[in-house]
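Report on the structure given below.
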Amino acid sequence: MRVSLDSLPGEEWRDNEDFAAAAPGAAVLLDGAGVAGAETGCTHGVAWFSAMLGGLLLSTITVHSARPLAECLADAIRAVRSLHENTCDLTFRASPTSTVVAVRMDAGALEYLVLGDSSLLLADRDGATTVITDRRLDDVGRRLRGPVDALPTGSPEHAAALAEYRNALTGFRNRPGGFWIAGPEPRAAEHALTGAAPLESLTSVTLLSDGATRLVDRFQLATWGETLTVLTSSGPGELLRRVREVEAGDPEGRRWPRGKSQDDATALHLVLP
């Protein structure tokens with residue numbers, strides 16, 4: 001398996017809250033989140049949370065190869081909770097959370113897990129692509145984000161509307177009818193999208209945070225097939241460069257309304273033998 005990875009923070013002066021890593025036969029990608037403009041209740045912060053959860057999850061799915069991915073995620077969430085529940089307020093509305101994409105290759109199959117709005121891109125040997133994305137957060141967000149999208153990205157009014165929007169999202173987090181995401185509650189792992197695909201049918205597997213998929217799902221300037229072509233020919237760095245180029249041409253979100261002009265963006269591309 002050949003691995004290529006690139007990741008960019010949304011702003012150079014801010015921590016990158018994405019995390020991605022690979023081990024022989026396994027890989028994970030997480031996109032951490034808090035509530036815009038709010039304290040997290042965690043002394044460690046969102047970047048610490050996503051990195052700690054991602055590292056523990058990768059270790060768990062690698063060591064316990066027969067354990068279902070959802071159970072491995074629940075174990076990792078418990079482990080991270082135990083590391084800071086005595087020092088941080090994990091009941092606070094803005095406590096750190098993270099999307100999760102995890103894959104494991106064993107016994108001729110690719111097992112996968114997707115929780116939150118990061119994506120998994122599978123390339124078949126016949127040239128087709130399959131994308132697995134958990135859209136429950138998007139479905140909730142569409143009902144709430146009208147005031148955000150009506151304002152120029154980066155303006156004080158936009159920042160205030162974005163904070164209000166993300167505060168409202170917490171009322172739908174990890175509950176039926178809302179969306180599910182990794183945070184302090186292990187039960188969220190039970191609601192992840194999981195499945196398997198035969199390894200012999202695949203040529204590559206790509207894990208993407210939502211900051212890296214903007215060319216397709218936000219800007220609609222590329223298809224998944226075209227995204228795969230860029231990854232195959234030039235690697236994750238070129239994909240992220242193209243995302244940043246488009247973002248720079250619309251800094252205020254006039255053409256493409258969005259919460260952040262530039263978001264943390266990560267692509268982990270695995271080419272199979």
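Identifiers for the structure tokens are assigned positionally: chains receive A, B, ... in sequence, residues are indexed from 1 per chain, and ligands are indexed from 1 in the order shown.
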With a cut-off of 10 Å, could you pull out the residues of region 237-271 of chain A touching region 156-160 of chain A and give me the nearest pair of atoms for each, distance in Å to one decimal, using only C-alpha atoms, ordered by chain and ascending number, as a tab-separated table?
residue	atom	partner	partner_atom	distance
A:Glu252	CA	A:His158	CA	9.8
A:Arg258	CA	A:His158	CA	9.9
A:Gly259	CA	A:His158	CA	8.2
A:Lys260	CA	A:Ala159	CA	9.3
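Once Met52 (chain A) and its same-chain neighbours fewer than 5 positions away are set aside, Phe19, Val46, Ala47, Leu57, Ala76, Ile77, Ala79, Val80 and Leu83 of chain A remain within 10 Å of it when counting only C-alpha atoms.
Pairwise distance (CA of Ala150 (chain A), CA of Leu137 (chain A)) equals 19.7 Å.
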Taking only residues of region 191-241 of chain A that have an atom at most 12 Å from an atom of region 4-10 of chain A, what is each one's shortest atom pair and its distance in Å to one decimal, using only C-alpha atoms, in chain and number order, as a tab-separated table?
residue	atom	partner	partner_atom	distance
A:Ser204	CA	A:Ser4	CA	11.2
A:Val205	CA	A:Ser4	CA	10.9
A:Thr206	CA	A:Ser4	CA	9.6
A:Leu207	CA	A:Leu5	CA	9.5
A:Leu208	CA	A:Ser7	CA	9.9
A:Ser209	CA	A:Ser7	CA	9.4
A:Asp210	CA	A:Gly10	CA	11.6
A:Gly211	CA	A:Gly10	CA	8.3
A:Ala212	CA	A:Ser7	CA	8.8
A:Leu231	CA	A:Ser4	CA	9.2
A:Thr232	CA	A:Ser4	CA	10.1
A:Ser233	CA	A:Ser4	CA	11.9
A:Ser234	CA	A:Ser4	CA	10.4
A:Gly235	CA	A:Ser4	CA	6.9
A:Pro236	CA	A:Asp6	CA	5.5
A:Gly237	CA	A:Asp6	CA	5.5
A:Glu238	CA	A:Asp6	CA	9.1
A:Leu239	CA	A:Asp6	CA	9.2
A:Leu240	CA	A:Leu8	CA	7.7
A:Arg241	CA	A:Leu8	CA	9.4
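For Ser50 (chain A), the list of residues within 10 Å, based on only C-alpha atoms and with local chain neighbours fewer than 6 positions off taken out, reads Asn16, Glu17, Asp18, Phe19, Ala20, Leu29, Leu30, Asp31, Gly32, Ala33, Leu56, Val80, Pro96, Thr97, Ser98, Thr99, Val100, Ala182 and Gly183 of chain A.
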12 Å contact set for Ile61 (chain A), only C-alpha atoms, chain neighbours under 5 positions out, as a ChimeraX atom specification: /A:22-28,54-56,66-76,102-106,111-113
Please produce an output containing C-alpha atoms for each residue in the selection, written as an mmCIF file, in the first residue's frame.
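Saved the output as result-v1.cif:
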data_model
loop_
_atom_site.group_PDB
_atom_site.id
_atom_site.type_symbol
_atom_site.label_atom_id
_atom_site.label_comp_id
_atom_site.auth_asym_id
_atom_site.auth_seq_id
_atom_site.Cartn_x
_atom_site.Cartn_y
_atom_site.Cartn_z
ATOM 1 C CA ALA A 22 -1.974 5.446 8.526
ATOM 2 C CA ALA A 23 -0.538 2.137 9.667
ATOM 3 C CA PRO A 24 -0.071 -1.087 7.707
ATOM 4 C CA GLY A 25 -3.573 -2.014 6.580
ATOM 5 C CA ALA A 26 -5.388 0.824 8.357
ATOM 6 C CA ALA A 27 -5.965 4.581 8.258
ATOM 7 C CA VAL A 28 -7.982 7.252 10.059
ATOM 8 C CA GLY A 54 -7.316 9.614 16.056
ATOM 9 C CA GLY A 55 -4.120 8.136 17.455
ATOM 10 C CA LEU A 56 -5.945 5.902 19.902
ATOM 11 C CA ALA A 66 -11.337 -8.754 14.767
ATOM 12 C CA ARG A 67 -13.199 -6.089 16.749
ATOM 13 C CA PRO A 68 -15.821 -4.128 14.754
ATOM 14 C CA LEU A 69 -14.764 -0.593 13.843
ATOM 15 C CA ALA A 70 -17.707 0.956 15.690
ATOM 16 C CA GLU A 71 -16.716 -0.832 18.889
ATOM 17 C CA CYS A 72 -13.119 0.297 18.402
ATOM 18 C CA LEU A 73 -14.319 3.888 18.057
ATOM 19 C CA ALA A 74 -16.409 3.601 21.223
ATOM 20 C CA ASP A 75 -13.351 2.250 23.062
ATOM 21 C CA ALA A 76 -11.207 5.132 21.796
ATOM 22 C CA ALA A 102 -11.599 4.867 9.524
ATOM 23 C CA VAL A 103 -10.630 1.995 7.230
ATOM 24 C CA ARG A 104 -9.068 -1.392 7.874
ATOM 25 C CA MET A 105 -7.955 -4.001 5.360
ATOM 26 C CA ASP A 106 -8.075 -7.644 6.379
ATOM 27 C CA GLU A 111 -13.917 -2.350 6.344
ATOM 28 C CA TYR A 112 -14.946 1.279 6.732
ATOM 29 C CA LEU A 113 -16.605 3.625 9.223
#
Can I get the residues of region 173-230 of chain A within 12 Å of region 242-246 of chain A, each with the closest pair of atoms and their distance in Å to one decimal, using only C-alpha atoms, sorted chain first then ascending number, as a Markdown table?
| residue | atom | partner | partner_atom | distance |
| --- | --- | --- | --- | --- |
| A:Asp210 | CA | A:Val243 | CA | 11.0 |
| A:Gly211 | CA | A:Val243 | CA | 8.2 |
| A:Ala212 | CA | A:Val243 | CA | 6.9 |
| A:Thr213 | CA | A:Val243 | CA | 8.2 |
| A:Arg214 | CA | A:Val243 | CA | 6.7 |
| A:Leu215 | CA | A:Val243 | CA | 6.1 |
| A:Val216 | CA | A:Val243 | CA | 9.7 |
| A:Asp217 | CA | A:Val243 | CA | 11.5 |
| A:Arg218 | CA | A:Val243 | CA | 10.4 |
| A:Phe219 | CA | A:Val246 | CA | 8.3 |
| A:Gln220 | CA | A:Val246 | CA | 11.0 |
| A:Leu221 | CA | A:Val246 | CA | 9.3 |
| A:Ala222 | CA | A:Val243 | CA | 10.5 |
| A:Thr227 | CA | A:Arg242 | CA | 10.3 |
| A:Val230 | CA | A:Arg242 | CA | 9.7 |
Which of region 140-226 of chain A DSSP labels alpha helix (DSSP H), written as number ranges by chain: A: 140-144, 146-149, 156-169, 214-217, 224-226
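When only C-alpha atoms are used to compute distances to Arg255 (chain A), the closest of the residues A:Asn167, A:Thr153, A:Asn174, A:Thr203 turns out to be A:Thr153.
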Counting only C-alpha atoms, the residue of A:Leu53, A:Asp149, A:Ala128, A:Glu200 that sits nearest Pro273 (chain A): A:Glu200
